[in-house]
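So this block is input-v9.txt, compact mmCIF, C-alpha atoms:
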```txt
# COMPACT_ATOMS: atom_id res chain seq x y z
CA MET A 1159 -46.55 59.77 73.50
CA GLY A 1160 -45.17 56.53 74.68
CA THR A 1161 -42.09 54.95 73.12
CA ARG A 1162 -42.49 51.77 71.10
CA GLY A 1163 -40.01 48.91 70.92
CA VAL A 1164 -38.14 48.10 67.67
CA PRO A 1165 -39.96 45.25 65.87
CA ALA A 1166 -37.92 42.09 65.14
CA LEU A 1167 -37.80 42.17 61.35
CA VAL A 1168 -34.91 39.62 61.01
CA ASP A 1169 -34.94 36.14 62.54
CA THR A 1170 -31.61 35.73 64.26
CA THR A 1171 -32.03 32.09 65.27
CA PRO A 1172 -29.29 29.98 63.69
CA ALA A 1173 -30.17 27.34 61.01
CA LYS A 1174 -29.90 23.69 61.86
CA THR A 1175 -27.15 21.54 60.36
CA ILE A 1176 -27.59 17.76 60.15
CA LEU A 1177 -25.60 14.84 58.71
CA VAL A 1178 -27.59 12.53 56.42
CA TYR A 1179 -26.60 9.00 55.39
CA ARG A 1180 -28.08 6.80 52.67
CA ASN A 1181 -30.09 3.77 53.70
CA GLY A 1182 -28.29 0.43 53.20
CA ASP A 1183 -25.06 1.94 51.73
CA PRO A 1184 -22.02 1.06 53.91
CA PHE A 1185 -19.68 3.13 51.69
CA TYR A 1186 -21.65 6.38 51.49
CA VAL A 1187 -20.11 9.07 53.66
CA GLY A 1188 -22.69 11.31 55.36
CA ARG A 1189 -23.77 14.46 53.54
CA ARG A 1190 -23.94 17.66 55.64
CA VAL A 1191 -27.19 19.54 55.01
CA VAL A 1192 -28.11 23.04 56.24
CA LEU A 1193 -31.82 23.59 57.03
CA PRO A 1194 -32.81 27.29 56.78
CA ARG A 1195 -36.24 28.17 58.15
CA ARG A 1196 -37.47 29.91 55.02
CA ARG A 1197 -36.69 26.99 52.70
CA ALA A 1198 -37.56 24.10 55.05
CA ALA A 1199 -40.76 25.50 56.53
CA THR A 1200 -42.51 22.10 56.53
CA PHE A 1201 -41.39 18.48 56.77
CA GLU A 1202 -42.41 17.79 53.14
CA ALA A 1203 -40.22 20.70 52.00
CA LEU A 1204 -37.34 19.18 53.98
CA LEU A 1205 -37.78 15.85 52.19
CA GLU A 1206 -37.71 17.61 48.79
CA GLN A 1207 -34.48 19.40 49.78
CA LEU A 1208 -32.88 16.10 50.84
CA THR A 1209 -33.93 14.48 47.52
CA GLU A 1210 -31.90 17.10 45.65
CA GLN A 1211 -28.78 16.61 47.79
CA VAL A 1212 -28.79 12.88 48.71
CA PRO A 1213 -29.06 10.47 45.75
CA VAL A 1214 -31.75 8.00 46.89
CA PRO A 1215 -33.72 5.83 44.43
CA PHE A 1216 -37.23 7.27 43.85
CA GLY A 1217 -36.47 10.21 46.19
CA VAL A 1218 -36.30 10.64 49.94
CA ARG A 1219 -39.64 9.67 51.53
CA ARG A 1220 -38.68 8.86 55.13
CA LEU A 1221 -36.05 9.83 57.69
CA PHE A 1222 -34.70 7.51 60.45
CA THR A 1223 -32.32 7.70 63.39
CA PRO A 1224 -29.04 5.86 62.62
CA THR A 1225 -28.77 3.68 65.73
CA ARG A 1226 -32.27 2.34 66.42
CA GLY A 1227 -34.05 3.19 63.17
CA ARG A 1228 -36.87 5.26 64.67
CA PRO A 1229 -38.75 7.37 62.11
CA VAL A 1230 -38.66 11.16 62.33
CA LEU A 1231 -42.08 12.69 61.54
CA GLU A 1232 -41.71 16.44 62.20
CA LEU A 1233 -39.17 19.27 62.08
CA ALA A 1234 -39.17 19.81 65.82
CA ALA A 1235 -37.70 16.32 66.34
CA LEU A 1236 -34.58 17.26 64.37
CA GLN A 1237 -31.61 18.27 66.49
CA ALA A 1238 -28.81 20.58 65.40
CA GLY A 1239 -25.71 18.51 64.57
CA GLY A 1240 -27.71 15.29 64.60
CA LYS A 1241 -27.21 12.28 62.31
CA TYR A 1242 -30.04 10.71 60.31
CA VAL A 1243 -30.62 8.12 57.56
CA ALA A 1244 -32.54 9.06 54.42
CA ALA A 1245 -34.58 6.29 52.80
CA GLY A 1246 -37.25 5.83 50.16
CA ARG A 1247 -40.25 3.55 50.59
CA GLU A 1248 -38.08 0.57 51.64
CA ARG A 1249 -37.52 -0.57 55.19
CA PHE A 1250 -34.71 0.67 57.40
CA GLN A 1251 -31.50 -1.37 57.03
CA LYS A 1252 -29.47 -1.54 60.20
CA LEU A 1253 -25.81 -0.66 59.65
CA ASP A 1254 -23.06 1.07 61.58
CA TYR A 1255 -23.66 4.41 59.86
CA ILE A 1256 -21.89 6.51 62.49
CA HIS A 1257 -18.53 4.83 62.00
CA ILE A 1258 -18.47 5.01 58.19
CA VAL A 1259 -15.07 6.50 57.33
CA PRO A 1260 -14.22 7.86 53.91
CA ARG A 1261 -11.75 5.67 52.04
CA LYS A 1262 -8.39 7.06 51.12
CA PRO A 1263 -7.76 7.27 47.39
CA ALA A 1264 -5.47 4.54 46.11
CA LYS A 1265 -2.01 5.66 45.20
CA MET A 1266 -1.22 5.58 41.53
CA ARG A 1267 1.61 3.22 40.83
CA LYS A 1268 4.32 4.68 38.74
CA LEU A 1269 5.06 2.72 35.59
CA LYS A 1270 8.59 1.52 35.85
CA GLU A 1271 10.68 1.93 32.76
CA ILE A 1272 11.88 -1.32 31.22
CA LYS A 1273 15.62 -1.44 31.59
CA PRO A 1274 17.93 -3.67 29.59
CA VAL A 1275 19.73 -6.58 31.16
CA VAL A 1276 23.28 -5.47 31.77
CA HIS A 1277 25.93 -8.17 31.45
CA CYS A 1278 28.91 -5.85 31.39
CA ASP A 1279 29.91 -2.33 32.32
CA ILE A 1280 28.89 -0.90 28.91
CA LYS A 1281 25.58 0.93 29.23
CA VAL A 1282 23.56 0.44 26.07
CA PRO A 1283 19.88 1.49 25.89
CA SER A 1284 17.38 -1.23 25.03
CA ARG A 1285 15.89 -1.41 21.54
CA TRP A 1286 12.41 -0.81 22.97
CA GLN A 1287 13.54 2.39 24.65
CA THR A 1288 15.45 3.59 21.58
CA TYR A 1289 12.65 2.90 19.15
CA HIS A 1290 9.64 4.14 21.07
CA ARG A 1291 10.95 6.87 23.33
CA THR A 1292 13.42 8.93 21.30
CA SER A 1293 13.22 10.91 18.07
CA ARG A 1294 15.66 10.65 15.14
CA HIS A 1295 18.09 13.28 13.90
CA ILE A 1296 19.12 12.33 10.35
CA HIS A 1297 20.90 14.02 7.44
CA VAL A 1298 19.45 13.46 3.97
CA PHE A 1299 21.06 13.96 0.53
CA THR A 1300 19.13 14.38 -2.73
CA ASN A 1301 19.57 11.49 -5.17
CA GLY A 1302 22.01 12.36 -7.98
CA ARG A 1303 22.76 15.87 -6.68
CA LEU A 1304 26.15 15.60 -5.09
CA PHE A 1305 26.80 19.33 -4.76
CA ILE A 1306 23.68 20.00 -2.69
CA PRO A 1307 24.58 19.72 1.02
CA PRO A 1308 22.59 17.30 3.19
CA THR A 1309 19.52 18.56 5.02
CA LYS A 1310 19.14 17.93 8.74
CA ILE A 1311 15.69 16.55 9.61
CA ILE A 1312 14.26 15.79 13.06
CA ILE A 1313 11.67 13.00 13.01
CA PRO A 1314 9.56 12.94 16.22
CA LYS A 1315 8.84 9.68 18.01
CA PHE A 1316 5.11 9.64 17.17
CA SER A 1317 5.92 9.69 13.41
CA LEU A 1318 8.18 6.64 13.59
CA THR A 1319 5.21 4.25 13.77
CA GLU A 1320 4.29 4.80 10.09
CA TRP A 1321 6.89 4.72 7.32
CA ASN A 1322 4.76 6.86 4.95
CA SER A 1323 4.64 9.69 7.47
CA VAL A 1324 8.44 9.54 7.76
CA LEU A 1325 8.81 9.85 3.96
CA ALA A 1326 6.28 12.70 3.91
CA MET A 1327 8.21 14.58 6.58
CA ILE A 1328 11.45 14.15 4.62
CA GLY A 1329 9.67 15.35 1.46
CA GLU A 1330 8.92 18.69 3.12
CA LYS A 1331 12.64 19.61 3.11
CA VAL A 1332 14.18 17.46 0.36
CA PHE A 1333 12.85 17.76 -3.19
CA PRO A 1334 13.82 14.94 -5.59
CA LEU A 1335 11.94 14.35 -8.84
CA GLY A 1336 8.45 13.05 -8.11
CA GLY A 1337 8.69 13.57 -4.35
CA VAL A 1338 10.32 11.32 -1.77
CA ARG A 1339 9.30 7.72 -2.47
CA LYS A 1340 12.45 5.84 -1.37
CA LEU A 1341 15.20 6.23 1.19
CA PHE A 1342 18.66 4.72 0.73
CA THR A 1343 21.86 4.55 2.66
CA MET A 1344 24.89 6.19 1.06
CA ASN A 1345 26.03 2.84 -0.37
CA GLY A 1346 22.64 2.11 -2.03
CA HIS A 1347 20.86 -0.06 0.54
CA LEU A 1348 17.05 0.49 0.40
CA LEU A 1349 15.23 1.14 3.68
CA ASP A 1350 11.62 0.01 4.08
CA ASN A 1351 11.01 0.49 7.81
CA SER A 1352 11.66 3.16 10.40
CA LYS A 1353 13.35 0.59 12.65
CA ASP A 1354 16.42 0.75 10.38
CA LEU A 1355 16.80 4.51 10.90
CA GLN A 1356 19.72 5.38 13.15
CA ASP A 1357 20.35 8.62 14.91
CA GLN A 1358 22.87 11.06 13.39
CA HIS A 1359 23.27 8.99 10.20
CA PHE A 1360 23.30 10.06 6.55
CA TYR A 1361 20.78 8.89 3.94
CA VAL A 1362 19.82 9.57 0.30
CA ALA A 1363 16.22 10.43 -0.65
CA ALA A 1364 14.98 9.44 -4.12
CA GLY A 1365 11.76 9.52 -6.10
CA LEU A 1366 10.63 6.85 -8.55
CA GLU A 1367 14.06 6.67 -10.19
CA SER A 1368 16.73 4.18 -9.19
CA PHE A 1369 19.60 4.96 -6.84
CA LYS A 1370 22.51 6.87 -8.40
CA TYR A 1371 25.88 5.75 -7.10
CA PHE A 1372 27.85 8.86 -6.25
CA PRO A 1373 30.43 9.43 -3.49
CA TYR A 1374 28.02 11.25 -1.17
CA TRP A 1375 30.29 10.47 1.76
CA LYS A 1376 32.98 12.80 0.32
CA SER A 1377 30.84 15.83 1.11
CA PRO A 1378 32.53 18.26 3.54
CA ASN A 1379 29.44 18.14 5.76
CA VAL A 1380 30.00 14.45 6.50
CA PRO A 1381 32.19 13.78 9.56
CA SER A 1382 35.67 12.39 9.01
CA GLU A 1383 34.82 9.14 10.82
CA VAL A 1384 31.96 8.41 8.41
CA GLN A 1385 34.14 9.35 5.42
CA GLN A 1386 36.86 6.92 6.55
CA LYS A 1387 34.30 4.16 7.07
CA TYR A 1388 32.85 4.42 3.55
CA ALA A 1389 36.34 4.83 2.03
CA ASP A 1390 37.36 1.49 3.56
CA ILE A 1391 34.19 -0.12 2.21
CA GLU A 1392 34.93 1.16 -1.29
CA LYS A 1393 38.55 -0.11 -1.17
CA HIS A 1394 37.37 -3.52 -0.07
CA SER A 1395 34.87 -3.74 -2.92
CA ARG A 1396 37.56 -2.76 -5.48
CA ARG A 1397 39.93 -5.45 -4.22
CA LYS A 1398 37.20 -8.04 -4.42
CA LYS A 1399 36.44 -7.10 -8.04
CA LYS A 1400 40.14 -7.39 -8.97
CA GLU A 1401 40.39 -10.82 -7.38
CA ASP A 1402 37.31 -12.00 -9.22
CA SER A 1403 38.64 -10.72 -12.55
CA LYS A 1404 42.01 -12.48 -11.99
CA GLY A 1405 40.28 -15.76 -11.24
CA LYS A 1406 38.70 -15.83 -14.73
CA GLU A 1407 41.43 -16.83 -17.28
CA PRO A 1408 41.09 -15.44 -20.83
CA PRO A 1409 40.82 -17.98 -23.77
CA LYS A 1410 44.22 -19.10 -25.08
CA HIS A 1411 45.09 -19.25 -28.82
CA ASP A 1412 48.26 -21.36 -29.10
CA ASN A 1413 48.38 -21.81 -32.87
CA ILE A 1414 47.64 -18.19 -33.76
CA PRO A 1415 50.26 -15.47 -33.26
CA PRO A 1416 49.32 -12.51 -31.04
CA ARG A 1417 49.57 -10.05 -33.91
CA ALA A 1418 47.04 -12.03 -35.90
CA GLN A 1419 44.70 -12.04 -32.93
CA ASP A 1420 44.76 -8.24 -32.74
CA SER A 1421 44.28 -7.90 -36.51
CA VAL A 1422 41.06 -6.55 -37.91
CA PHE A 1423 40.84 -9.43 -40.46
CA TYR A 1424 41.09 -12.11 -37.79
CA ALA A 1425 37.73 -13.72 -37.08
CA LYS A 1426 37.24 -14.19 -33.36
CA GLU A 1427 35.11 -16.87 -31.76
CA GLY A 1428 32.23 -14.55 -31.04
CA GLN A 1429 32.18 -13.37 -34.70
CA LYS A 1430 32.38 -16.74 -36.49
CA LYS A 1431 28.70 -17.56 -36.21
CA THR A 1432 26.35 -15.68 -38.49
CA LEU A 1433 22.66 -15.12 -38.23
CA VAL A 1434 21.85 -17.40 -41.22
CA GLU A 1435 23.88 -20.39 -40.00
CA PRO A 1436 21.73 -21.47 -37.01
CA LEU A 1437 18.58 -21.17 -39.13
CA ILE A 1438 19.85 -23.58 -41.81
CA GLN A 1439 21.29 -26.04 -39.32
CA GLY A 1440 18.27 -25.97 -37.04
CA GLY A 1441 15.64 -26.84 -39.71
CA ALA A 1442 15.21 -30.21 -41.42
CA GLU A 1443 16.72 -30.51 -44.95
CA GLY A 1444 17.86 -26.90 -44.81
CA ASP A 1445 14.33 -25.45 -44.60
CA VAL A 1446 14.05 -22.34 -42.47
CA TYR A 1447 10.29 -22.64 -41.96
CA LYS A 1448 10.30 -26.19 -40.57
CA ALA A 1449 10.19 -26.52 -36.82
CA GLN A 1450 13.11 -28.10 -34.97
CA THR A 1451 10.85 -30.18 -32.78
CA PRO A 1452 7.80 -31.66 -34.58
CA ASN A 1453 4.37 -31.22 -33.11
CA MET A 1454 2.87 -34.23 -31.32
CA GLU A 1455 -0.46 -33.80 -33.13
CA THR A 1456 1.11 -34.07 -36.63
CA GLN A 1457 3.24 -37.16 -36.00
CA GLY A 1458 2.24 -40.15 -38.19
CA VAL A 1459 0.10 -38.04 -40.57
CA PRO A 1460 0.92 -38.62 -44.30
CA GLU A 1461 2.28 -35.63 -46.14
CA VAL A 1462 0.08 -34.18 -48.89
CA THR A 1463 2.00 -33.82 -52.15
CA GLU A 1464 1.35 -31.08 -54.66
CA ASP A 1465 -1.07 -31.92 -57.51
CA GLN A 1466 -0.20 -31.10 -61.12
CA TYR A 1467 -3.68 -29.65 -61.70
CA VAL A 1468 -3.43 -27.17 -58.89
CA GLN A 1469 -3.38 -23.69 -60.30
CA VAL A 1470 -0.46 -21.65 -59.08
CA GLU A 1471 -0.50 -17.90 -59.26
CA VAL A 1472 2.77 -16.61 -60.63
CA PRO A 1473 3.87 -13.01 -60.02
CA LEU A 1474 3.53 -10.62 -62.92
CA ASP A 1475 7.26 -10.13 -63.26
CA GLN A 1476 7.76 -13.92 -63.72
CA ARG A 1477 5.04 -14.53 -66.35
CA PRO A 1478 6.09 -14.95 -70.07
CA ALA A 1479 5.53 -12.01 -72.38
CA GLU A 1480 2.42 -12.06 -74.61
CA ILE A 1481 1.91 -10.33 -78.01
CA VAL A 1482 -0.89 -7.78 -77.78
CA LYS A 1483 -2.82 -7.19 -81.04
CA GLU A 1484 -3.96 -3.80 -82.14
CA VAL A 1485 -7.61 -2.84 -81.93
CA GLU A 1486 -8.00 -2.56 -85.76
CA GLU A 1487 -6.63 -6.07 -86.36
CA ILE A 1488 -9.09 -7.52 -83.89
CA HIS A 1489 -12.05 -5.96 -85.76
CA ASP A 1490 -10.79 -7.16 -89.17
CA ASP A 1491 -10.29 -10.76 -88.14
CA ALA A 1492 -13.65 -11.07 -86.38
CA PRO A 1493 -16.51 -12.44 -88.71
CA ASP A 1494 -19.76 -10.63 -89.25
CA PHE A 1495 -22.25 -11.68 -86.59
CA GLU A 1496 -25.38 -11.16 -88.80
CA SER A 1497 -24.05 -13.18 -91.76
CA ASN A 1498 -23.15 -16.08 -89.53
CA LYS A 1499 -26.61 -16.04 -88.06
CA ARG A 1500 -28.26 -16.29 -91.54
CA LEU A 1501 -26.03 -19.15 -92.67
CA SER A 1502 -26.91 -21.13 -89.57
CA ARG A 1503 -30.61 -20.70 -90.23
CA THR A 1504 -30.45 -21.86 -93.90
CA SER A 1505 -28.32 -24.89 -93.00
CA ALA A 1506 -30.86 -25.90 -90.35
CA ARG A 1507 -33.71 -25.72 -92.91
CA ILE A 1508 -31.81 -27.83 -95.48
CA LYS A 1509 -31.17 -30.52 -92.87
CA LYS A 1510 -34.85 -30.70 -91.97
CA TRP A 1511 -35.86 -31.00 -95.66
CA LEU A 1512 -33.41 -33.85 -96.31
CA HIS A 1513 -34.62 -35.71 -93.24
CA PHE A 1514 -38.23 -35.44 -94.48
CA LEU A 1515 -37.33 -36.78 -97.96
CA LYS A 1516 -35.46 -39.75 -96.53
CA LYS A 1517 -38.38 -40.60 -94.26
CA ASN A 1518 -40.90 -40.68 -97.14
CA ASN A 1519 -38.55 -42.52 -99.59
CA MET A 1520 -38.49 -39.59 -101.86
CA THR A 1521 -35.66 -38.27 -103.97
CA TRP A 1522 -34.57 -34.72 -104.65
```
Using structure tokens, write down the structure from this file.
Amino acid sequence: MGTRGVPALVDTTPAKTILVYRNGDPFYVGRRVVLPRRRAATFEALLEQLTEQVPVPFGVRRLFTPTRGRPVLELAALQAGGKYVAAGRERFQKLDYIHIVPRKPAKMRKLKEIKPVVHCDIKVPSRWQTYHRTSRHIHVFTNGRLFIPPTKIIIPKFSLTEWNSVLAMIGEKVFPLGGVRKLFTMNGHLLDNSKDLQDQHFYVAAGLESFKYFPYWKSPNVPSEVQQKYADIEKHSRRKKKEDSKGKEPPKHDNIPPRAQDSVFYAKEGQKKTLVEPLIQGGAEGDVYKAQTPNMETQGVPEVTEDQYVQVEVPLDQRPAEIVKEVEEIHDDAPDFESNKRLSRTSARIKKWLHFLKKNNMTW
């Protein structure tokens, strides 16, 4: 038996690789496409493969050479490592496709931080940087509860934009009556904006009630510098009150001895006027119910005097006493109703008879 050769079951020919540009696009960098024999068996299959990989309007329908624009009509005309232009149904647009270079990505510019204008050697951060970039570390007392130590609260920078969120965050650790609705300084100044919050400062949280003035700054948790600051403020306010009280002189009573002034039976100026006196003096002719200033509508109108025939109702306790008869006396004094009725009838008949006689000139 003769020996047979091994059949070639696997195609070992390498696949072609081409570079495809897009027609009329000077910024499109060429797309490298691999053409295996099994997938791109025909030229129409090659065009379908290019449609999937190169974004051309209405799909790839034609293929051109990049320099002269000659159309490629079959697979055999394609060269490995060649460059071609994919187009739709439009005409070939002549451009320098071979020298299209990918653009370098633009460098992102770093946002420079706004720095304050420095006029001296003291370095102080700007208000913009302090307000927007840093969080706040504050210590909060409870209103009216002096013996409760202050609570340290860290407020992040994103919560400083809304004042209600700041109060809500404080209310999670401090519990006044009704929740945290107000925030005061230790001397009673009301805060209504997060811009007034300062780092490492002490505040008093309150609910709906008013601020209660207590020496919160005397707490042992408050630093000595802050205690000295508020002690000086309190001394200054006391001196100012004393100076104001000295400026007002008390009323002098030259003719009255000092013992009489301190006596219980001495009528002072504030006790001389009674409640009845201004009412009598204010009304006209001593009448309490008359207005001090007359109404404009009633000026010039004549006053109506009281008539003697007007019936006046007098209270029962001011009426004169009347004698009340007994029931038996009333029945005795009253005449008989039937007898009176008969007498009236007989008298009426007699009068008619006399009138008839006089009319006919007759005598009784």
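Nearest-residue note for Phe1333 of chain A: choosing from A:Arg1303, A:Arg1190, A:Lys1353, A:Arg1226, the minimum distance belongs to A:Arg1303, counting only C-alpha atoms.
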**Item:** Counting all atoms listed in the file, the residue of A:Lys1265, A:Arg1180, A:Lys1376, A:Lys1315 that sits nearest Tyr1242 of chain A
**Value:**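 Of all the options, A:Arg1180 lies closest to Tyr1242 of chain A.
Using only C-alpha atoms, the nearest neighbour of Val1243 of chain A within the list A:Tyr1179, A:Glu1206, A:Arg1189, A:Ile1296 is A:Tyr1179.
The coordinates place atom CA of Lys1499 of chain A at 20.8 Å from atom CA of Leu1512 of chain A.
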**Request:** Starting from the point (-33.2, 7.7, 62.0), work out which residues of protein, DNA or RNA have an atom no more than 12 Å away when counting only C-alpha atoms; state them as number ranges by chain.
**Result:** A: 1176-1181, 1220-1231, 1235-1237, 1240-1245, 1249-1253, 1255-1256
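Within 6 Å of Ala1364 of chain A, once all atoms listed in the file are used and residues closer than 4 positions along the same chain are dropped, the contacting residues are Asn1301, Pro1334, Val1338 and Lys1340 of chain A.
Taking atom CA of Gln1356 of chain A as the reference point, atom CA of Tyr1371 of chain A is found at 21.2 Å.
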**Item:** One-decimal distance in Å that lies between atom CA of Ile1481 of chain A and atom CA of Gln1469 of chain A
**Value:**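 These atoms are spaced 22.8 Å apart.
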**Request:** May I ask which of the residues A:Gly1246, A:Gly1302, A:Pro1172, A:Gly1336 is the closest one to Leu1208 of chain A, counting all atoms listed in the file?
**Result:**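 So, comparing all the options, the nearest one is A:Gly1246.
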